[in-house]
Amino acid sequence: MLSVKEIHTYYGNIQALKGVSLDIEKGEIITLIGANGAGKSTTLMSISGLMHPRSGKIFYQNMPLHLLSPEKIVSLGIVQVPEGRRIFPDFTVMENLEMGAYLRSDKPQLKKDYDYIFELFPILKDRKRQLGGTLSGGEQQMLAISRALMAKPKLLLLDEPSLGLAPMVIKQIFQIIRKINSEQSTTILLVEQNANLALQTADRGYVIENGLIIMQDKAEKLLQNEEVKKAYLGIV
Amino acid sequence: MDLYFLELFFSGLTRGGIYTLIALGYTMVYGIIGLINFAHGEIYMIAAFIGLTFAGIFSILQFSLISILLIAVFFAMLFSAAYGYTIEKTAYKPLRQASRLAPLISAIGMSIFLREYVILAQTPDFLAFPMLFGDLELPEFMMDFIQPTETIIILVSFFLVGILLLFIKHTKTGKAMRAISQDREMAMLLGVNSDKIISFTFMVGSLLAAFGAILISAHIGQINYNIGFIIGIKAFTAAVLGGIGSIPGAALGGLTLGLIESFATGYISSDYEDVFAFGILVLILIFKPAGFLGKKEHKKV
Amino acid sequence: MKLRIIHSLIITFWFMLLCFPLVVLKIDYLEKSIRFRWINLFLTGLCVFFISLLWRYFLSRRRKYFLRLPEHFFDLHQSRLIRSKPFLFIFSLVFLSLPLILPNYHTSILITAMIYVVLGLGLNIVVGLAGLLDLGYAAFFAIGGYSFALLNHYFGFGFWASLPIAASLACLGGVLLGIPVLRLRGDYLAIVTLGFGEIIRLILENWEAFTKGPSGIPDLPKPGLFGIQLDFYSSTIYLYYLLILCMLAAILVTKRLSYSKTGRAWVALREDEIAAQSMGIDTTKTKLTAFGIGAFWAGIVGAFFASKNSFVDPSSFTFHESAIILSIVVLGGMGSILGVILATMILVLLPEYLRFLESYRMLIFGAIMVIMMVFRPEGLVKSVRQQYDFKNLK
Amino acid sequence: MKLTRIGVLILVLLTTLFYLGAGNAVFASDTIKIGLAGPFSGDLAPYGIPPKDTVRLAAEVLNRSGGLLGKQVQILAEDDQCKAGTATNVASKLVGEGVIAVIGHICSGATIAAMSVYRAVKIPVISPSATNPSLTLENKNPNFFRTIPHDAAQANLQVDFITRHLKAKKVAIVHDKGDYGKGLATLVAEGLKQKKVEIVIFEGITPGAVDYSALIRKVKHANPDVVAFGGYHPEGSKIVTQARKRNIKASFISGDGLKDPSFIKIGRKFVEGYYVSSPADISKVEISREITRILKSKNQKAGNFGLQAHAAVTAIFNAVKKTNSTDPEKLQKALRSEKIDTTLGMISFDKNGDILGSGFSMYQVRDGQFVPVKW
Amino acid sequence: MTNHPVLSVHKISMRFGGLNALNKVSLQVFPREIAALIGPNGAGKTTFFNCVTGIYKPSGGYIELNGPDLRPKRINGLKPNLITRSGLARTFQNIRLFENMSVLENVMVGCHCRTTSNFLNAIIQTSSFKKEEQGVIEKSYELLKLVGLQGSANLSAKNLPYAEQRSLEIARALATEPRLLLLDEPAAGMNPQETTKLDQLIMKIRERFNLAVLLIEHDMKLVMRISDKVFVMAQGEKIAEGTPGEIQNNPRVIKAYLGEEVDVVS
């Protein structure tokens, strides 16, 4: 579905990605784990078109993605939930969701999708008129995911959905991620620092370190892998 | 209430209305790309000239006043939007990645260029602008403190601010504009074509400036290439006063500035009208560093 | 290439459409006349076509340089020719002999240019080094000029007696402006300084009894030279050399300051205010010194300016003046001394030498400002901070 | 490295340009040069461009009939933007290029600054528009002349007219904060005070401000018999238009800054009855009618000071012809002694350099025309 | 002398709008101690740093820093520059170097609060100014040597590799002559070798300058290797404190920090 081939991405003069390659099949949940600053977010930004790799290619259903502008990429069905959620603070919950559906014009289906979202996250329905900036961290994360879902993604890119959330909330959110994957058959690329959590959720995983993919395997295997444990859990 | 006070109040309101229409252009552009568009006053001026050109043609063709007014407004809006669009594409868009000051200087250069362009293409002289409102009449008691054209200016500018607020609040493009001003990258990640929206913002700002230009030119009855300068500075001041980036703020700032100037003239002296306007701006910013409705910048560490 | 031409044609068409009502039509509705000036449309079209071809070509090249050579393109510092001693020697010889060979007019505009160089250097401290956007710098220029004029008018002070007072008053003005606006950031600072500049000018205009209002103050003396009576020509030449001294002093002081504790604090403040504060830099004091020293130079050349014209009036200190000085700083490259000098050449001398273009002069001036910024957004000279010598350390 | 060289190249180019510019001045030529300085760009360009057109026209006509002293006359027009700083540069430039006389400058401030240069070389300077009294009355500028009477003369006339003809008790004085406008307004105010007329308002407006309605309302409340405005026609017509709309019945009076066809054209019915003091009627003078006609055919106009500038250059031509030389001292002397037939009628200059023969008279706008008032 | 903490924080709280970013956090750092502050993202660690260094004003509680005279001095409410002068220096999580200054100059800026010359001295170039300036250069160069950046002294700071930028931040902070150094995620984005070098550096700094270090870190290996004491924060509260060994076995910490082994399949 999506294949990233040897991309090198720079921030000014600093090279953040030094040849990252990934392959994602339809319907999978893939996770990309690694430490802070390892290049996880940069990978997602490169896929989304906000940063253009200086070399290397990205293909989506055999279409070259690395040449397209962000809005084209979204219109193809690749939607990102960026790190830190980035809710529009001055928009109400409803307006935030409407922004998610920005490129859509199928009104009748839209209505159903709002209902689906509110079914998924009932709390958002109660908060419909509240400003995004006043939501709690967990609610914001839910809103961010919902907002992305409103764009009807075929491939959903999730950047650190567990960041700064209480364990209970994290649990809920990861359940939803599974649900979205199974019910809507949305392919998911999940970037996480919380390796335990990510590997439990995903089908396959990639480990990134210093802008390079150093390991890739089935999620269960990585979870058992002593190296991974040592490197990213710190404690044996 | 004191009639003199009322008179001054409405004259301040009229001025404020015009300031607001121009300030909206500054504030929207600033909100969306953080640029002080110094060429905005020049758009206002060009709109007045375009309006005069078309009003001239159709008055020679003996159209009725009201149709001339509508035609002049239409063409002024059309062309000023086109000018706004073109200016953004040539002078600002190539500088999107550059430091904050580069587009500012580019804007100053653009403003000089446009003034000289109008001098060369038309004339440096003052030109008579047709009094397109004709001889409207108001009820006797109102005529004591307000003039018909002033009523129109106040009403139209309030109306336009209202329309703009509704537009920004409820339409898809309006939402995209607000989204970009909050978080441009995130908006792009949701499929908003930010270049398009930015162009659009310039066009809307220019439209409003054009509207203001025709209103005030038809009220005052004369224009020249220099009319954009002072009004531009004042409108920018109004935008900052209200909190730059905020649309209701621009309206609030515009009205405040208009009223301050009017009362300063009426009760003190018009010699120091501008000193008061700027003095109050400085005072307000010292106590409220982001203007009336501006957002306080959070220190991000 | 073909594509480019087609594109340019489309742009040409668009511009012709855009220009039509103003460039072609000339309406006088009172006399009911419409004139069509089709030739103008043709000329506009032709200009736009070629400009757009060049524009697109260079814009695409700019991208390339932007990526590949961000730091060396145009770096005049690096040129060995310019740094070489013979070149500098010949250059300064020529520069020093200019007023002796050239007609008075050139001496006169070079004086103006040097006044702007010093203004640029002063504002460069505030904007370029300390990163505080000031849109009302002409106010300090006015304070300097008017201090001299008023001291002369009311108390008969000569130029030299007034100069230190003018400079200190301007400096004081800078600090006084600085205190209330310390809390403001970026563009709010810009508008407050703009307001301050206008207020100063308006006071000069309206306080008739003291400042003589819009008529200005005439008959100011030229600087004296140990009581020697100078005729008009020699006093201009004398002024030229004085300004060279003044400019060199400004360059020297800026350089020395910029590579001292104070200068480092300015730059640190510009780069990152929070980090600067965390390194123990007192932001209040640092900002005030920047405002004060910046204004100081404006005060000095303000007095020179008044003396050169033997006249001051408020209309010499408008917002336009502040905008031009700011443009000098930005166009030159923020923080760069050589940049200020080059940009002054372009923004002050070019309009003088473009006089043959008559009415197109200011049009082209405006266009040049836009073009320079579009193609060189980081300024003519990239300011590279001088390196400290530590090689001889152990 | 290559790119650095481009930088050097540009530096060299700039220097060359500089020397080329310098070179211009050195070219010897066989023409008589007359300088002309004023604002041809910027805010005040409308006051500078008409003099440029008329002076050039005068030179053209002269050159067609053989020029001066057997040489062609060349007009060097330089833009000073009405800024003191630029004006001194322009003055040095004109002097450096060897002009025998200068027409200009237009603004008093720029003229005062430029005189510091001209004074040194003694060439005659004739301004068509600088009305600041100090230019001639303080005996500093023996080489300065003007074809426009200074403000004091005009102010006296206005004061007389207000007190004797209009018999006003209360007068409101408004000015445009400018050099000319405020200067005139101040002189009028002083004159009126001496005659014990009450001045109810003395205030300035900002030219180019959105509207003046607040001030108009203030004027209305002061209820003066006469409003005297010092300034130029755009503001004048704006103020009177708004005042009439607000039903202010007072008489309006202004100086020559308003005597411009555009004033009536823009002000339309609202300027009817406006009193304007202005140099004596020249619409009957054959030359000025001729000039106006030619300008119109070229789509130019005489503006506020065009005809004065024409008269100024005519005076110079005449002085050169009479003295058969371009020596500044001789020219000055000739200018002081000769009577000349110009667009302004027969004029001459007094010992201060002020114009004689072109006094002020009062006009009133009636049926879209400036009509002389008999009183 | 060891029983005088160099930094003691008493129940400080910090609220942003409705959010309780810090809730009565207290901790003490003793001289020559290397302490680590850990916790999941968003636990309030950086907010804690910002309160201590004066960028935020805590909404409750107080902070004391031991002066050179060993007397505790209240520093909450002081401006950041004064806190730095009192002997507290920091680095930043997302690297805040003065990008367009050279590497050496960055460190020289750090010397700012320990020098006395003013701008007049600089203009006249008095001999005391020159001497001081030379001293600053020498000191800065020494510090660069210490962190291994002497070779890049004249590069622009923004052109340094990521890991070296972090070291430069440390050098710059050391230039302010602190008694307590706060490091905000010094190992972020470093590879294992670089991280190893970093912990040697931290040890070396402690020996050389006799100072205490408080660091926020996600790299657990590093934390466990070098710290004498570990504080754990979660959701704006301090949930544990102890030696690395104690912390590793604290179930509450494991749960909060490593992420719950949630059963997501259910």
# chains A, B, ... in the order shown; residues from 1 in each chain; ligands from 1

call {"tool": "closest_atom_pairs", "arguments": {"of": "chain C", "to": "chain B", "cutoff": "8 Å", "atoms": "only C-alpha atoms", "output": "Markdown table"}}
result
| residue | atom | partner | partner_atom | distance |
| --- | --- | --- | --- | --- |
| C:Leu18 | CA | B:Phe79 | CA | 6.9 |
| C:Pro21 | CA | B:Ile50 | CA | 6.4 |
| C:Leu22 | CA | B:Ala121 | CA | 5.8 |
| C:Val23 | CA | B:Ala121 | CA | 4.8 |
| C:Val24 | CA | B:Ala121 | CA | 7.8 |
| C:Leu25 | CA | B:Thr53 | CA | 7.4 |
| C:Lys26 | CA | B:Gln122 | CA | 6.8 |
| C:Ile27 | CA | B:Thr53 | CA | 6.0 |
| C:Asp28 | CA | B:Gly56 | CA | 6.8 |
| C:Tyr29 | CA | B:Gly56 | CA | 4.7 |
| C:Lys32 | CA | B:Ile60 | CA | 5.6 |
| C:Ser33 | CA | B:Ile60 | CA | 7.9 |
| C:Ile34 | CA | B:Ile57 | CA | 7.4 |
| C:Pro180 | CA | B:Ile286 | CA | 6.3 |
| C:Val181 | CA | B:Ile286 | CA | 6.5 |
| C:Arg183 | CA | B:Pro289 | CA | 7.2 |
| C:Leu184 | CA | B:Pro289 | CA | 5.9 |
| C:Tyr188 | CA | B:Val240 | CA | 7.1 |
| C:Ile191 | CA | B:Thr237 | CA | 7.0 |
| C:Val192 | CA | B:Val282 | CA | 5.6 |
| C:Gly195 | CA | B:Phe278 | CA | 5.1 |
| C:Phe196 | CA | B:Phe278 | CA | 7.3 |
| C:Glu198 | CA | B:Val275 | CA | 7.6 |
| C:Ile199 | CA | B:Val275 | CA | 5.3 |
| C:Leu202 | CA | B:Val275 | CA | 6.7 |
| C:Ile203 | CA | B:Val275 | CA | 7.8 |
| C:Asn206 | CA | B:Asp271 | CA | 6.5 |
| C:Ile274 | CA | B:Val301 | CA | 7.8 |
| C:Ala323 | CA | B:Ile108 | CA | 7.3 |
| C:Leu326 | CA | B:Ile105 | CA | 7.9 |
| C:Ser327 | CA | B:Ile105 | CA | 5.9 |
| C:Val330 | CA | B:Ala102 | CA | 6.9 |
| C:Ser359 | CA | B:Leu120 | CA | 7.4 |
| C:Tyr360 | CA | B:Glu116 | CA | 7.7 |
| C:Met362 | CA | B:Glu116 | CA | 6.5 |
| C:Leu363 | CA | B:Phe113 | CA | 4.8 |
| C:Ile364 | CA | B:Phe113 | CA | 7.2 |
| C:Phe365 | CA | B:Phe113 | CA | 7.4 |
| C:Gly366 | CA | B:Gly109 | CA | 4.3 |
| C:Ala367 | CA | B:Phe113 | CA | 5.9 |
| C:Ile368 | CA | B:Gly109 | CA | 7.5 |
| C:Met369 | CA | B:Gly109 | CA | 4.9 |
| C:Val370 | CA | B:Ser106 | CA | 4.5 |
| C:Ile371 | CA | B:Ser106 | CA | 7.8 |
| C:Met373 | CA | B:Ser106 | CA | 5.8 |
| C:Val374 | CA | B:Pro94 | CA | 6.1 |
| C:Pro377 | CA | B:Ala102 | CA | 5.5 |
| C:Glu378 | CA | B:Ala98 | CA | 7.1 |

call {"tool": "residues_around", "arguments": {"residues": "region 103-118 of chain D", "least_positions_apart": "4", "cutoff": "6 Å", "atoms": "only C-alpha atoms", "output": "ChimeraX atom specification"}}
result
/C:309,311 /D:36-38,82-84,87-88,91,122,125-127,129-130,132

call {"tool": "interface_residues", "arguments": {"of": "chain D", "to": "chain B", "cutoff": "7 Å", "atoms": "only C-alpha atoms", "output": "ChimeraX atom specification"}}
result
/D:43,45-46,203-205,208-210,213-215,218,234,238,265-266

call {"tool": "interface_residues", "arguments": {"of": "chain B", "to": "chain A", "cutoff": "9 Å", "atoms": "only C-alpha atoms", "output": "ChimeraX atom specification"}}
result
/B:172,175-176,178-179,182-183,185-194

call {"tool": "select_by_dssp", "arguments": {"residues": "region 10-238 of chain D", "states": "strand (DSSP E or B)", "output": "number ranges by chain"}}
result
D: 31-38, 68, 71-79, 101-103, 125-127, 144-146, 170-175, 198-204, 226-230

call {"tool": "interface_residues", "arguments": {"of": "chain E", "to": "chain C", "cutoff": "6 Å", "atoms": "only C-alpha atoms", "output": "compact mmCIF listing (two decimals) with N, CA, C and O atoms, in the first residue's frame"}}
result
# COMPACT_ATOMS: atom_id res chain seq x y z
N PRO E 80 14.92 35.22 35.61
CA PRO E 80 15.84 34.11 35.27
C PRO E 80 17.30 34.52 35.32
O PRO E 80 18.14 33.74 35.77
N ASN E 81 17.61 35.75 34.86
CA ASN E 81 19.02 36.11 34.82
C ASN E 81 19.62 36.20 36.22
O ASN E 81 20.77 35.87 36.44
N THR E 84 20.24 32.72 37.50
CA THR E 84 21.47 32.20 36.92
C THR E 84 22.68 32.77 37.66
O THR E 84 23.62 32.06 37.97
N ARG E 85 22.62 34.04 37.94
CA ARG E 85 23.71 34.67 38.68
C ARG E 85 23.90 34.04 40.05
O ARG E 85 25.00 33.95 40.56
N PHE E 98 22.29 29.85 20.43
CA PHE E 98 22.25 31.07 19.62
C PHE E 98 22.80 30.67 18.27
O PHE E 98 24.01 30.66 18.05
N GLY E 110 27.70 32.67 27.82
CA GLY E 110 27.50 32.08 29.14
C GLY E 110 28.31 32.79 30.21
O GLY E 110 27.92 32.82 31.38
N CYS E 113 27.39 36.74 32.95
CA CYS E 113 27.06 37.21 34.29
C CYS E 113 28.25 37.14 35.24
O CYS E 113 28.14 37.52 36.39
N PHE E 119 29.76 48.67 28.44
CA PHE E 119 29.96 48.98 27.02
C PHE E 119 30.97 50.11 26.80
O PHE E 119 31.64 50.17 25.78
N ALA E 122 34.26 48.72 26.49
CA ALA E 122 34.43 48.06 25.20
C ALA E 122 34.75 49.07 24.12
O ALA E 122 35.56 48.82 23.22
N ILE E 123 34.10 50.23 24.17
CA ILE E 123 34.33 51.22 23.12
C ILE E 123 35.76 51.76 23.21
O ILE E 123 36.45 51.88 22.21

call {"tool": "closest_residue", "arguments": {"among": "E:Asn76, E:Gln235, E:Gln150, E:Thr53", "to": "chain B", "atoms": "only C-alpha atoms"}}
result
E:Thr53

call {"tool": "atom_distance", "arguments": {"atom1": "CA of Pro51 (chain D)", "atom2": "CA of Phe305 (chain D)"}}
result
6.0 Å

call {"tool": "atom_distance", "arguments": {"atom1": "CA of Ser168 (chain C)", "atom2": "CA of Leu331 (chain C)"}}
result
28.6 Å

call {"tool": "residues_around", "arguments": {"residues": "region 213-227 of chain A", "least_positions_apart": "3", "cutoff": "9 Å", "atoms": "only C-alpha atoms", "output": "PyMOL selection string"}}
result
chain A and resi 18-22+30-31+195-196+198-210+230-232+236

call {"tool": "write_last_selection", "arguments": {"atoms": "N, CA and C atoms", "output": "tab-separated table (two decimals), in the first residue's frame"}}
result
chain	number	residue	atom	x	y	z
A	18	LYS	N	18.30	9.12	7.68
A	18	LYS	CA	19.48	8.75	6.91
A	18	LYS	C	19.20	7.50	6.10
A	19	GLY	N	18.10	7.51	5.38
A	19	GLY	CA	17.78	6.36	4.56
A	19	GLY	C	16.79	5.43	5.24
A	20	VAL	N	15.57	5.91	5.43
A	20	VAL	CA	14.54	5.10	6.09
A	20	VAL	C	13.69	4.40	5.03
A	21	SER	N	13.49	3.12	5.21
A	21	SER	CA	12.60	2.38	4.30
A	21	SER	C	11.54	1.66	5.12
A	22	LEU	N	10.32	1.71	4.63
A	22	LEU	CA	9.21	1.06	5.33
A	22	LEU	C	8.29	0.46	4.28
A	30	ILE	N	0.97	-0.97	11.74
A	30	ILE	CA	2.42	-1.02	11.81
A	30	ILE	C	2.85	-0.04	12.89
A	31	THR	N	3.87	-0.40	13.63
A	31	THR	CA	4.35	0.60	14.58
A	31	THR	C	5.81	0.92	14.33
A	195	ALA	N	6.93	1.49	23.96
A	195	ALA	CA	7.11	0.33	23.10
A	195	ALA	C	6.19	-0.82	23.48
A	196	ASN	N	6.04	-1.05	24.78
A	196	ASN	CA	5.18	-2.11	25.26
A	196	ASN	C	3.81	-2.03	24.61
A	198	ALA	N	2.76	-0.12	22.15
A	198	ALA	CA	2.70	-0.10	20.69
A	198	ALA	C	2.81	-1.51	20.14
A	199	LEU	N	3.73	-2.26	20.68
A	199	LEU	CA	3.95	-3.60	20.11
A	199	LEU	C	2.79	-4.54	20.44
A	200	GLN	N	2.13	-4.26	21.55
A	200	GLN	CA	0.96	-5.09	21.85
A	200	GLN	C	-0.17	-4.83	20.89
A	201	THR	N	-0.22	-3.60	20.37
A	201	THR	CA	-1.32	-3.23	19.50
A	201	THR	C	-1.06	-3.62	18.05
A	202	ALA	N	0.23	-3.55	17.65
A	202	ALA	CA	0.53	-3.63	16.23
A	202	ALA	C	0.70	-5.05	15.72
A	203	ASP	N	0.65	-5.14	14.38
A	203	ASP	CA	0.93	-6.42	13.74
A	203	ASP	C	2.44	-6.56	13.54
A	204	ARG	N	3.03	-5.49	13.02
A	204	ARG	CA	4.47	-5.53	12.78
A	204	ARG	C	5.10	-4.28	13.36
A	205	GLY	N	6.39	-4.32	13.55
A	205	GLY	CA	7.03	-3.13	14.10
A	205	GLY	C	8.37	-2.85	13.44
A	206	TYR	N	8.72	-1.58	13.41
A	206	TYR	CA	10.04	-1.15	12.97
A	206	TYR	C	10.69	-0.42	14.13
A	207	VAL	N	11.99	-0.61	14.29
A	207	VAL	CA	12.69	0.12	15.33
A	207	VAL	C	13.62	1.13	14.67
A	208	ILE	N	13.50	2.37	15.05
A	208	ILE	CA	14.32	3.41	14.41
A	208	ILE	C	15.27	4.00	15.44
A	209	GLU	N	16.49	4.23	14.99
A	209	GLU	CA	17.48	4.84	15.88
A	209	GLU	C	18.33	5.77	15.03
A	210	ASN	N	18.47	7.00	15.46
A	210	ASN	CA	19.30	7.96	14.74
A	210	ASN	C	19.03	8.04	13.25
A	230	LYS	N	16.10	-3.97	26.21
A	230	LYS	CA	17.22	-3.23	26.79
A	230	LYS	C	17.24	-1.80	26.29
A	231	ALA	N	17.11	-1.68	24.97
A	231	ALA	CA	17.30	-0.36	24.37
A	231	ALA	C	16.16	0.58	24.72
A	232	TYR	N	14.95	0.10	24.74
A	232	TYR	CA	13.84	1.04	24.84
A	232	TYR	C	13.04	0.92	26.10
A	236	VAL	N	15.85	-4.45	32.42
A	236	VAL	CA	15.68	-5.83	32.00
A	236	VAL	C	14.68	-6.51	32.93

call {"tool": "closest_residue", "arguments": {"among": "A:Ile7, A:Met1, A:Leu155, A:Leu143", "to": "Pro122 (chain A)", "atoms": "only C-alpha atoms"}}
result
A:Leu143

call {"tool": "residues_around", "arguments": {"residues": "Val171 (chain D)", "least_positions_apart": "2", "cutoff": "8 Å", "atoms": "only C-alpha atoms", "output": "PyMOL selection string"}}
result
chain D and resi 168-169+173+197-201+224-228

call {"tool": "write_last_selection", "arguments": {"atoms": "C-alpha atoms", "output": "PDB file, in the first residue's frame"}}
result
ATOM      1  CA  ALA D 168     -17.018  89.786  10.904  1.00  0.00           C
ATOM      2  CA  LYS D 169     -17.100  89.709  14.685  1.00  0.00           C
ATOM      3  CA  ILE D 173      -9.224  79.930  11.527  1.00  0.00           C
ATOM      4  CA  VAL D 197     -11.788  90.501  16.093  1.00  0.00           C
ATOM      5  CA  GLU D 198     -12.572  87.471  18.197  1.00  0.00           C
ATOM      6  CA  ILE D 199     -10.881  84.323  17.006  1.00  0.00           C
ATOM      7  CA  VAL D 200     -13.069  81.467  18.109  1.00  0.00           C
ATOM      8  CA  ILE D 201     -11.038  78.618  16.699  1.00  0.00           C
ATOM      9  CA  PRO D 224     -18.317  82.112  13.472  1.00  0.00           C
ATOM     10  CA  ASP D 225     -19.192  84.726  10.857  1.00  0.00           C
ATOM     11  CA  VAL D 226     -16.191  83.827   8.778  1.00  0.00           C
ATOM     12  CA  VAL D 227     -14.044  80.744   8.426  1.00  0.00           C
ATOM     13  CA  ALA D 228     -10.548  81.478   7.188  1.00  0.00           C
TER      14      ALA D 228
END

call {"tool": "atom_distance", "arguments": {"atom1": "CA of Asn100 (chain E)", "atom2": "CA of Leu155 (chain E)"}}
result
9.4 Å

call {"tool": "residues_around", "arguments": {"residues": "region 133-147 of chain D", "least_positions_apart": "4", "cutoff": "10 Å", "atoms": "only C-alpha atoms", "output": "ChimeraX atom specification"}}
result
/C:218-219 /D:101-104,108-109,111-112,115-116,118-129,151-153,183-184,279,305,307-313,315,328-329,331-333,335-336,344,347-358

call {"tool": "residues_around", "arguments": {"residues": "Lys125 (chain A)", "least_positions_apart": "6", "cutoff": "9 Å", "atoms": "only C-alpha atoms", "output": "list of chain:residue names"}}
result
A:Val93, A:Met94, A:Ile117, A:Phe118, A:Glu119

call {"tool": "select_by_dssp", "arguments": {"residues": "region 114-244 of chain E", "states": "alpha helix (DSSP H)", "output": "number ranges by chain"}}
result
E: 119-124, 127-147, 162-174, 192-209, 220-226, 244

call {"tool": "residues_around", "arguments": {"residues": "region 229-236 of chain C", "least_positions_apart": "6", "cutoff": "8 Å", "atoms": "only C-alpha atoms", "output": "list in words"}}
result
Asn104, Thr107, Ser108, Lys222, Pro223 and Lys308 of chain C; Val117 and Ala120 of chain D

call {"tool": "closest_residue", "arguments": {"among": "D:Val55, D:Val365, D:Ile291, D:Ile148", "to": "Ala77 (chain D)", "atoms": "only C-alpha atoms"}}
result
D:Val55

call {"tool": "closest_residue", "arguments": {"among": "C:Leu93, C:Pro103, C:Gly45, C:Ala209", "to": "Asn89 (chain D)", "atoms": "only C-alpha atoms"}}
result
C:Pro103
